[in-house]
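The structure file target_35.json is reproduced below (JSON, C-alpha atoms).
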[["chain", "number", "residue", "atom", "x", "y", "z"],
["A", 30, "MET", "CA", 77.27, 83.33, 117.51],
["A", 31, "THR", "CA", 74.72, 85.99, 116.51],
["A", 32, "ARG", "CA", 74.77, 87.60, 113.08],
["A", 33, "LEU", "CA", 75.99, 90.86, 114.66],
["A", 34, "GLN", "CA", 78.89, 89.06, 116.32],
["A", 35, "LEU", "CA", 79.65, 87.30, 113.04],
["A", 36, "TRP", "CA", 79.85, 90.56, 111.11],
["A", 37, "LEU", "CA", 81.95, 92.21, 113.84],
["A", 38, "LEU", "CA", 84.39, 89.30, 113.66],
["A", 39, "THR", "CA", 84.41, 89.65, 109.87],
["A", 40, "LEU", "CA", 85.32, 93.34, 110.19],
["A", 41, "LEU", "CA", 88.14, 92.52, 112.61],
["A", 42, "THR", "CA", 89.45, 89.82, 110.28],
["A", 43, "ALA", "CA", 89.30, 92.28, 107.38],
["A", 44, "LEU", "CA", 91.70, 94.56, 109.27],
["A", 45, "GLY", "CA", 94.46, 92.02, 108.58],
["A", 46, "PRO", "CA", 94.41, 92.34, 104.76],
["A", 47, "ALA", "CA", 93.80, 96.08, 105.09],
["A", 48, "ILE", "CA", 97.02, 96.37, 107.10],
["A", 49, "TRP", "CA", 98.85, 94.17, 104.59],
["A", 50, "GLY", "CA", 97.79, 96.66, 101.93],
["A", 51, "SER", "CA", 100.00, 99.28, 103.59],
["A", 52, "THR", "CA", 103.08, 97.07, 103.10],
["A", 53, "TYR", "CA", 103.69, 98.39, 99.58],
["A", 54, "ILE", "CA", 103.83, 102.05, 100.56],
["A", 55, "VAL", "CA", 106.00, 101.33, 103.63],
["A", 56, "THR", "CA", 108.38, 99.21, 101.55],
["A", 57, "THR", "CA", 108.74, 101.65, 98.66],
["A", 58, "GLU", "CA", 108.72, 104.91, 100.61],
["A", 59, "ILE", "CA", 110.48, 104.06, 103.89],
["A", 60, "LEU", "CA", 112.51, 100.84, 103.85],
["A", 61, "PRO", "CA", 116.00, 100.49, 102.30],
["A", 62, "PRO", "CA", 115.66, 99.35, 98.67],
["A", 63, "GLY", "CA", 116.55, 95.93, 97.32],
["A", 64, "ARG", "CA", 116.11, 93.87, 100.50],
["A", 65, "PRO", "CA", 112.75, 92.08, 100.16],
["A", 66, "PHE", "CA", 113.69, 88.91, 102.01],
["A", 67, "ILE", "CA", 115.25, 90.81, 104.91],
["A", 68, "ALA", "CA", 111.99, 92.75, 105.17],
["A", 69, "ALA", "CA", 109.98, 89.49, 105.12],
["A", 70, "PHE", "CA", 112.21, 87.90, 107.77],
["A", 71, "LEU", "CA", 112.14, 90.95, 110.07],
["A", 72, "ARG", "CA", 108.40, 91.12, 109.59],
["A", 73, "CYS", "CA", 107.69, 87.51, 110.61],
["A", 74, "PHE", "CA", 110.36, 86.05, 112.88],
["A", 75, "PRO", "CA", 110.42, 88.69, 115.67],
["A", 76, "ALA", "CA", 106.61, 88.81, 115.71],
["A", 77, "GLY", "CA", 106.44, 85.05, 116.13],
["A", 78, "LEU", "CA", 109.09, 85.11, 118.85],
["A", 79, "MET", "CA", 107.21, 87.79, 120.80],
["A", 80, "LEU", "CA", 103.92, 85.87, 120.60],
["A", 81, "LEU", "CA", 105.55, 82.64, 121.77],
["A", 82, "LEU", "CA", 107.38, 84.32, 124.65],
["A", 83, "TRP", "CA", 104.01, 85.69, 125.72],
["A", 84, "MET", "CA", 101.99, 82.49, 125.28],
["A", 85, "ARG", "CA", 104.62, 79.82, 126.15],
["A", 86, "ARG", "CA", 102.61, 77.06, 124.47],
["A", 87, "ALA", "CA", 103.90, 74.40, 122.08],
["A", 88, "PRO", "CA", 101.95, 72.17, 119.67],
["A", 89, "ALA", "CA", 101.13, 68.63, 120.74],
["A", 90, "ARG", "CA", 103.61, 66.02, 119.53],
["A", 91, "GLY", "CA", 101.34, 64.88, 116.73],
["A", 92, "ASP", "CA", 100.65, 68.44, 115.49],
["A", 93, "TRP", "CA", 104.21, 69.53, 114.67],
["A", 94, "GLY", "CA", 104.09, 68.30, 111.07],
["A", 95, "ARG", "CA", 100.86, 70.14, 110.37],
["A", 96, "VAL", "CA", 102.10, 73.37, 111.98],
["A", 97, "LEU", "CA", 105.27, 73.17, 109.88],
["A", 98, "ILE", "CA", 103.25, 72.71, 106.67],
["A", 99, "LEU", "CA", 100.97, 75.61, 107.58],
["A", 100, "ALA", "CA", 103.98, 77.81, 108.37],
["A", 101, "ALA", "CA", 105.35, 77.07, 104.90],
["A", 102, "LEU", "CA", 102.03, 77.62, 103.10],
["A", 103, "ASN", "CA", 100.96, 80.76, 104.97],
["A", 104, "ILE", "CA", 104.32, 82.41, 105.64],
["A", 105, "GLY", "CA", 107.63, 80.97, 104.40],
["A", 106, "VAL", "CA", 107.01, 79.64, 100.90],
["A", 107, "PHE", "CA", 104.18, 82.10, 100.26],
["A", 108, "GLN", "CA", 106.30, 85.16, 101.12],
["A", 109, "ALA", "CA", 109.17, 83.95, 98.93],
["A", 110, "LEU", "CA", 106.87, 83.35, 95.97],
["A", 111, "LEU", "CA", 105.14, 86.68, 96.58],
["A", 112, "PHE", "CA", 108.41, 88.61, 96.27],
["A", 113, "ILE", "CA", 109.51, 86.64, 93.19],
["A", 114, "ALA", "CA", 106.19, 87.46, 91.52],
["A", 115, "ALA", "CA", 106.45, 91.10, 92.60],
["A", 116, "TYR", "CA", 109.90, 91.45, 91.02],
["A", 117, "ARG", "CA", 109.03, 89.71, 87.75],
["A", 118, "LEU", "CA", 105.45, 90.90, 87.18],
["A", 119, "PRO", "CA", 103.58, 94.21, 87.40],
["A", 120, "GLY", "CA", 101.94, 94.40, 90.82],
["A", 121, "GLY", "CA", 98.52, 94.52, 89.19],
["A", 122, "LEU", "CA", 98.98, 91.25, 87.34],
["A", 123, "ALA", "CA", 100.22, 89.48, 90.49],
["A", 124, "ALA", "CA", 97.21, 90.81, 92.43],
["A", 125, "VAL", "CA", 94.75, 89.60, 89.77],
["A", 126, "VAL", "CA", 96.24, 86.10, 89.97],
["A", 127, "GLY", "CA", 96.02, 86.26, 93.77],
["A", 128, "ALA", "CA", 92.36, 87.21, 93.51],
["A", 129, "ALA", "CA", 91.63, 83.64, 92.41],
["A", 130, "GLN", "CA", 92.24, 82.36, 95.96],
["A", 131, "PRO", "CA", 88.53, 82.19, 96.92],
["A", 132, "LEU", "CA", 87.90, 79.96, 93.89],
["A", 133, "VAL", "CA", 90.71, 77.64, 95.00],
["A", 134, "VAL", "CA", 89.22, 77.43, 98.50],
["A", 135, "ILE", "CA", 85.79, 76.66, 97.02],
["A", 136, "ALA", "CA", 87.36, 73.87, 94.94],
["A", 137, "LEU", "CA", 89.20, 72.46, 97.98],
["A", 138, "ALA", "CA", 86.04, 72.41, 100.09],
["A", 139, "TRP", "CA", 84.21, 70.62, 97.27],
["A", 140, "ALA", "CA", 87.00, 68.07, 96.68],
["A", 141, "MET", "CA", 87.90, 67.39, 100.32],
["A", 142, "GLU", "CA", 84.53, 67.64, 102.05],
["A", 143, "GLY", "CA", 81.99, 67.26, 99.30],
["A", 144, "LYS", "CA", 80.63, 70.78, 99.94],
["A", 145, "ARG", "CA", 78.98, 71.95, 96.76],
["A", 146, "PRO", "CA", 79.79, 75.57, 95.91],
["A", 147, "VAL", "CA", 77.24, 78.22, 96.79],
["A", 148, "ALA", "CA", 76.32, 79.63, 93.40],
["A", 149, "LEU", "CA", 76.21, 83.23, 94.60],
["A", 150, "ALA", "CA", 79.62, 82.96, 96.28],
["A", 151, "LEU", "CA", 81.07, 81.39, 93.12],
["A", 152, "ILE", "CA", 79.71, 84.16, 90.89],
["A", 153, "ALA", "CA", 80.88, 86.85, 93.32],
["A", 154, "SER", "CA", 84.38, 85.34, 93.44],
["A", 155, "VAL", "CA", 84.63, 85.49, 89.65],
["A", 156, "ALA", "CA", 83.37, 89.09, 89.78],
["A", 157, "GLY", "CA", 86.14, 89.88, 92.26],
["A", 158, "ILE", "CA", 88.76, 88.72, 89.77],
["A", 159, "ALA", "CA", 87.13, 90.83, 87.05],
["A", 160, "GLY", "CA", 87.05, 93.87, 89.32],
["A", 161, "MET", "CA", 90.72, 93.42, 90.20],
["A", 162, "GLY", "CA", 91.53, 93.22, 86.51],
["A", 163, "ILE", "CA", 89.63, 96.44, 85.77],
["A", 164, "LEU", "CA", 91.39, 98.16, 88.66],
["A", 165, "LEU", "CA", 94.96, 97.02, 88.13],
["A", 166, "LEU", "CA", 95.62, 95.67, 84.63],
["A", 167, "SER", "CA", 96.74, 97.81, 81.73],
["A", 168, "PRO", "CA", 97.63, 97.11, 78.08],
["A", 169, "GLN", "CA", 101.29, 97.55, 79.05],
["A", 170, "SER", "CA", 101.22, 94.65, 81.54],
["A", 171, "ARG", "CA", 104.05, 92.27, 80.66],
["A", 172, "TRP", "CA", 103.73, 88.51, 81.03],
["A", 173, "ASP", "CA", 106.76, 86.70, 82.44],
["A", 174, "ALA", "CA", 106.59, 82.90, 82.64],
["A", 175, "TRP", "CA", 108.55, 82.54, 85.89],
["A", 176, "GLY", "CA", 106.71, 85.45, 87.46],
["A", 177, "MET", "CA", 103.34, 83.97, 86.50],
["A", 178, "ALA", "CA", 104.39, 80.59, 87.87],
["A", 179, "ALA", "CA", 105.40, 82.20, 91.18],
["A", 180, "ALA", "CA", 102.14, 84.18, 91.36],
["A", 181, "ILE", "CA", 100.02, 81.10, 90.66],
["A", 182, "LEU", "CA", 101.92, 78.94, 93.16],
["A", 183, "GLY", "CA", 101.74, 81.75, 95.73],
["A", 184, "ALA", "CA", 97.97, 82.01, 95.33],
["A", 185, "LEU", "CA", 97.67, 78.22, 95.68],
["A", 186, "CYS", "CA", 99.86, 78.30, 98.83],
["A", 187, "MET", "CA", 97.79, 81.00, 100.51],
["A", 188, "ALA", "CA", 94.49, 79.39, 99.55],
["A", 189, "CYS", "CA", 95.60, 75.96, 100.78],
["A", 190, "GLY", "CA", 96.98, 77.52, 103.96],
["A", 191, "THR", "CA", 93.70, 79.31, 104.63],
["A", 192, "TYR", "CA", 91.68, 76.16, 104.05],
["A", 193, "LEU", "CA", 93.94, 73.81, 106.01],
["A", 194, "SER", "CA", 94.32, 76.25, 108.93],
["A", 195, "ARG", "CA", 90.60, 75.73, 109.58],
["A", 196, "ARG", "CA", 90.60, 72.00, 108.77],
["A", 197, "TRP", "CA", 93.69, 71.30, 110.92],
["A", 198, "ARG", "CA", 92.57, 73.28, 113.94],
["A", 199, "SER", "CA", 94.83, 72.37, 116.84],
["A", 200, "GLY", "CA", 94.39, 72.75, 120.58],
["A", 201, "LEU", "CA", 96.70, 75.76, 120.56],
["A", 202, "PRO", "CA", 95.30, 79.20, 121.43],
["A", 203, "VAL", "CA", 95.09, 81.48, 118.40],
["A", 204, "LEU", "CA", 98.06, 83.61, 119.47],
["A", 205, "ALA", "CA", 100.30, 80.57, 119.96],
["A", 206, "PHE", "CA", 99.06, 79.08, 116.68],
["A", 207, "THR", "CA", 99.93, 82.38, 114.97],
["A", 208, "GLY", "CA", 103.27, 82.69, 116.74],
["A", 209, "TRP", "CA", 104.55, 79.26, 115.70],
["A", 210, "GLN", "CA", 103.65, 79.87, 112.07],
["A", 211, "LEU", "CA", 105.38, 83.26, 112.04],
["A", 212, "LEU", "CA", 108.47, 81.91, 113.81],
["A", 213, "LEU", "CA", 108.85, 78.81, 111.62],
["A", 214, "GLY", "CA", 107.97, 80.72, 108.46],
["A", 215, "GLY", "CA", 110.53, 83.37, 109.37],
["A", 216, "LEU", "CA", 113.20, 80.68, 109.81],
["A", 217, "MET", "CA", 112.39, 79.42, 106.31],
["A", 218, "LEU", "CA", 113.02, 82.94, 104.98],
["A", 219, "ALA", "CA", 116.28, 83.41, 106.89],
["A", 220, "PRO", "CA", 118.57, 81.73, 104.27],
["A", 221, "LEU", "CA", 117.16, 83.96, 101.52],
["A", 222, "ALA", "CA", 117.63, 87.03, 103.72],
["A", 223, "LEU", "CA", 121.25, 86.07, 104.38],
["A", 224, "TRP", "CA", 122.33, 84.89, 100.93],
["A", 225, "VAL", "CA", 120.23, 86.84, 98.45],
["A", 226, "ASP", "CA", 119.79, 90.35, 99.89],
["A", 227, "PRO", "CA", 122.63, 92.77, 100.60],
["A", 228, "PRO", "CA", 123.10, 93.15, 104.38],
["A", 229, "LEU", "CA", 121.78, 96.12, 106.32],
["A", 230, "ASP", "CA", 124.50, 98.58, 107.25],
["A", 231, "SER", "CA", 125.09, 101.38, 109.71],
["A", 232, "SER", "CA", 123.31, 103.87, 107.44],
["A", 233, "LEU", "CA", 119.93, 102.52, 108.56],
["A", 234, "THR", "CA", 117.86, 105.52, 109.66],
["A", 235, "TRP", "CA", 115.36, 105.79, 112.49],
["A", 236, "SER", "CA", 112.51, 106.05, 110.01],
["A", 237, "GLN", "CA", 113.64, 102.87, 108.28],
["A", 238, "ALA", "CA", 113.91, 101.08, 111.61],
["A", 239, "GLY", "CA", 110.40, 102.35, 112.39],
["A", 240, "GLY", "CA", 109.21, 100.94, 109.06],
["A", 241, "TYR", "CA", 110.55, 97.50, 109.96],
["A", 242, "ALA", "CA", 108.94, 97.78, 113.41],
["A", 243, "TYR", "CA", 105.59, 98.66, 111.80],
["A", 244, "LEU", "CA", 105.76, 95.67, 109.46],
["A", 245, "CYS", "CA", 106.55, 93.42, 112.42],
["A", 246, "LEU", "CA", 104.05, 94.70, 114.98],
["A", 247, "ALA", "CA", 101.14, 95.71, 112.73],
["A", 248, "GLY", "CA", 101.92, 93.89, 109.49],
["A", 249, "ALA", "CA", 102.55, 90.52, 111.13],
["A", 250, "LEU", "CA", 101.78, 90.24, 114.84],
["A", 251, "LEU", "CA", 98.43, 92.07, 114.83],
["A", 252, "SER", "CA", 97.25, 91.29, 111.30],
["A", 253, "TYR", "CA", 98.04, 87.57, 111.35],
["A", 254, "ALA", "CA", 96.51, 87.16, 114.81],
["A", 255, "LEU", "CA", 93.29, 88.71, 113.46],
["A", 256, "TRP", "CA", 93.53, 86.60, 110.31],
["A", 257, "PHE", "CA", 93.92, 83.25, 112.08],
["A", 258, "ARG", "CA", 91.24, 84.20, 114.60],
["A", 259, "GLY", "CA", 88.89, 84.73, 111.67],
["A", 260, "ILE", "CA", 89.92, 81.44, 110.07],
["A", 261, "ALA", "CA", 89.08, 79.60, 113.31],
["A", 262, "VAL", "CA", 85.45, 80.77, 113.19],
["A", 263, "LEU", "CA", 84.48, 82.02, 109.73],
["A", 264, "PRO", "CA", 84.00, 79.89, 106.59],
["A", 265, "PRO", "CA", 87.32, 79.57, 104.71],
["A", 266, "VAL", "CA", 85.83, 80.97, 101.50],
["A", 267, "ALA", "CA", 84.65, 84.08, 103.34],
["A", 268, "VAL", "CA", 88.07, 84.62, 104.93],
["A", 269, "SER", "CA", 89.88, 84.07, 101.63],
["A", 270, "SER", "CA", 87.75, 86.68, 99.87],
["A", 271, "LEU", "CA", 88.78, 89.25, 102.48],
["A", 272, "GLY", "CA", 92.31, 89.00, 101.08],
["A", 273, "LEU", "CA", 91.11, 91.08, 98.10],
["A", 274, "LEU", "CA", 91.04, 94.07, 100.45],
["A", 275, "SER", "CA", 94.84, 94.15, 100.52],
["A", 276, "PRO", "CA", 95.44, 95.47, 96.95],
["A", 277, "ILE", "CA", 92.37, 97.70, 97.32],
["A", 278, "THR", "CA", 93.95, 99.31, 100.39],
["A", 279, "ALA", "CA", 97.26, 99.69, 98.56],
["A", 280, "VAL", "CA", 95.54, 101.53, 95.67],
["A", 281, "ILE", "CA", 93.62, 103.84, 98.00],
["A", 282, "LEU", "CA", 96.73, 104.65, 100.06],
["A", 283, "GLY", "CA", 98.67, 105.37, 96.87],
["A", 284, "TRP", "CA", 95.93, 107.76, 95.78],
["A", 285, "LEU", "CA", 95.68, 109.50, 99.18],
["A", 286, "LEU", "CA", 99.36, 109.68, 100.15],
["A", 287, "LEU", "CA", 101.33, 109.51, 96.90],
["A", 288, "GLY", "CA", 99.02, 111.38, 94.55],
["A", 289, "GLN", "CA", 98.59, 108.39, 92.23],
["A", 290, "SER", "CA", 95.80, 108.73, 89.69],
["A", 291, "MET", "CA", 92.31, 107.35, 90.25],
["A", 292, "THR", "CA", 90.27, 106.99, 87.05],
["A", 293, "GLY", "CA", 86.62, 106.16, 86.57],
["A", 294, "ALA", "CA", 87.62, 102.61, 85.62],
["A", 295, "SER", "CA", 89.66, 102.34, 88.82],
["A", 296, "LEU", "CA", 86.68, 103.42, 90.88],
["A", 297, "ALA", "CA", 84.44, 100.93, 89.08],
["A", 298, "GLY", "CA", 86.95, 98.18, 89.79],
["A", 299, "ILE", "CA", 87.08, 99.05, 93.48],
["A", 300, "ILE", "CA", 83.28, 99.03, 93.73],
["A", 301, "LEU", "CA", 83.09, 95.67, 91.93],
["A", 302, "VAL", "CA", 85.72, 94.10, 94.23],
["A", 303, "LEU", "CA", 84.08, 95.45, 97.39],
["A", 304, "GLY", "CA", 80.70, 94.21, 96.16],
["A", 305, "SER", "CA", 82.25, 90.81, 95.53],
["A", 306, "VAL", "CA", 83.71, 90.63, 99.04],
["A", 307, "LEU", "CA", 80.43, 91.64, 100.69],
["A", 308, "THR", "CA", 78.44, 89.19, 98.57],
["A", 309, "VAL", "CA", 80.76, 86.30, 99.45],
["A", 310, "GLN", "CA", 80.43, 87.15, 103.14],
["A", 311, "TRP", "CA", 76.64, 87.27, 102.89],
["A", 312, "ALA", "CA", 76.37, 84.05, 100.88],
["A", 313, "SER", "CA", 78.83, 82.18, 103.14],
["A", 314, "SER", "CA", 77.02, 83.22, 106.30],
["A", 315, "ARG", "CA", 73.82, 81.63, 105.00],
["A", 316, "ALA", "CA", 75.34, 78.46, 103.61],
["A", 317, "PRO", "CA", 74.91, 75.25, 105.64],
["A", 318, "SER", "CA", 78.02, 74.45, 107.73]]
As structure tokens, the full file:
Amino acid sequence: MTRLQLWLLTLLTALGPAIWGSTYIVTTEILPPGRPFIAAFLRCFPAGLMLLLWMRRAPARGDWGRVLILAALNIGVFQALLFIAAYRLPGGLAAVVGAAQPLVVIALAWAMEGKRPVALALIASVAGIAGMGILLLSPQSRWDAWGMAAAILGALCMACGTYLSRRWRSGLPVLAFTGWQLLLGGLMLAPLALWVDPPLDSSLTWSQAGGYAYLCLAGALLSYALWFRGIAVLPPVAVSSLGLLSPITAVILGWLLLGQSMTGASLAGIILVLGSVLTVQWASSRAPS
């Protein structure tokens, strides 16, 4: 793969987190309130079902356990922890904790494969956390023990899922690999959707139905297909750092569409995070495989 092809694939992979960054504005401005697990289920399960009906491929007998673990790490358990953290912590604090994912992936690659960290990627990853803190934290941020635990475990889940998705590459095509994770992860979320959230009723509007359709088709089917395609080719640390684009997109959309304030500190934080992401991509592309 040429460097141009590598950077084009990186841009396509980055579209996934950028799309995820629109989830906040769709959820708060369009969807019915108070139904996070229904939203997560309707986002994942139908997308997985559509992909599998299209691909009609199943994992090999020996791969089922790994696919189930990846579905839990990347979709089911991660989504549940994400919503718990979102309800118990300010969104900024949860995002700063999530920004540590590249460091977790670096640590996993070092522990599991003996790959020493690239110093520049390590420094840039720390800078990304600092930039996220400048952008999103405020003196009024409240610390909740259960929320912090959920945010930390969620970051660990996503980082481990990103790393293991590359390490446990199966013979499945990317779309089938994505579909099984979305389907199984959606099934894990189904009990929470049924028992925790109030049911949807006949007052559901067309715009709300369109919001759910957007989360399913763009927020899951397209974005996760791009994400797992990137994981199959790009270094895990590089892919993980692209996840920082999700809160950045959410902040920019809030500024453009909702009139939320953008201070000089916010702009500095955005620049620092974007610089961190680009530096990690550059350093990872030159590291020995």
Which residue of A:Ala115, A:Val302, A:Ala100, A:Val280 approaches Gly176 of chain A most closely, using all atoms listed in the file: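 Closest to Gly176 of chain A, using all atoms listed in the file: A:Ala115.
Between atom CA of Ala47 of chain A and atom CA of Cys245 of chain A the interatomic distance comes to 14.9 Å.
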Have a look at A:Ala124, A:Leu251, A:Leu204, A:Ala114 and name the one nearest to Leu166 of chain A; count all atoms listed in the file.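 Ranking A:Ala124, A:Leu251, A:Leu204, A:Ala114 by distance to Leu166 of chain A, first place goes to A:Ala124.
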Have a look at atom CA of Leu111 of chain A and atom CA of Leu218 of chain A and let me know their distance in Å, one decimal.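 So the two atoms, atom CA of Leu111 of chain A and atom CA of Leu218 of chain A, lie 12.1 Å apart.
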Please list as a list of chain:residue names every residue within 6 Å of Trp49 of chain A, counting all atoms listed in the file and excluding residues in the same chain fewer than 2 positions away.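 Near neighbours after the sequence-gap exclusion: A:Pro46, A:Ala47, A:Ser51, A:Thr52, A:Gly248, A:Ser275.
Minimum distance to Leu81 of chain A across A:Ala109, A:Val203, A:Leu263, A:Ala140 (counting only C-alpha atoms) occurs at A:Val203.
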Provide the atom CA of Ala156 of chain A to atom CA of Trp197 of chain A distance in Å, to one decimal place.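 Computing the Euclidean distance for atom CA of Ala156 of chain A and atom CA of Trp197 of chain A yields 29.5 Å.
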Which polymer residues have any atom within 8 Å of an atom of Leu102 of chain A, counting all atoms listed in the file, with same-chain residues fewer than 4 positions away left out, as an MDAnalysis selection string? chainID A and resid 98 106:107 186:187 189:190
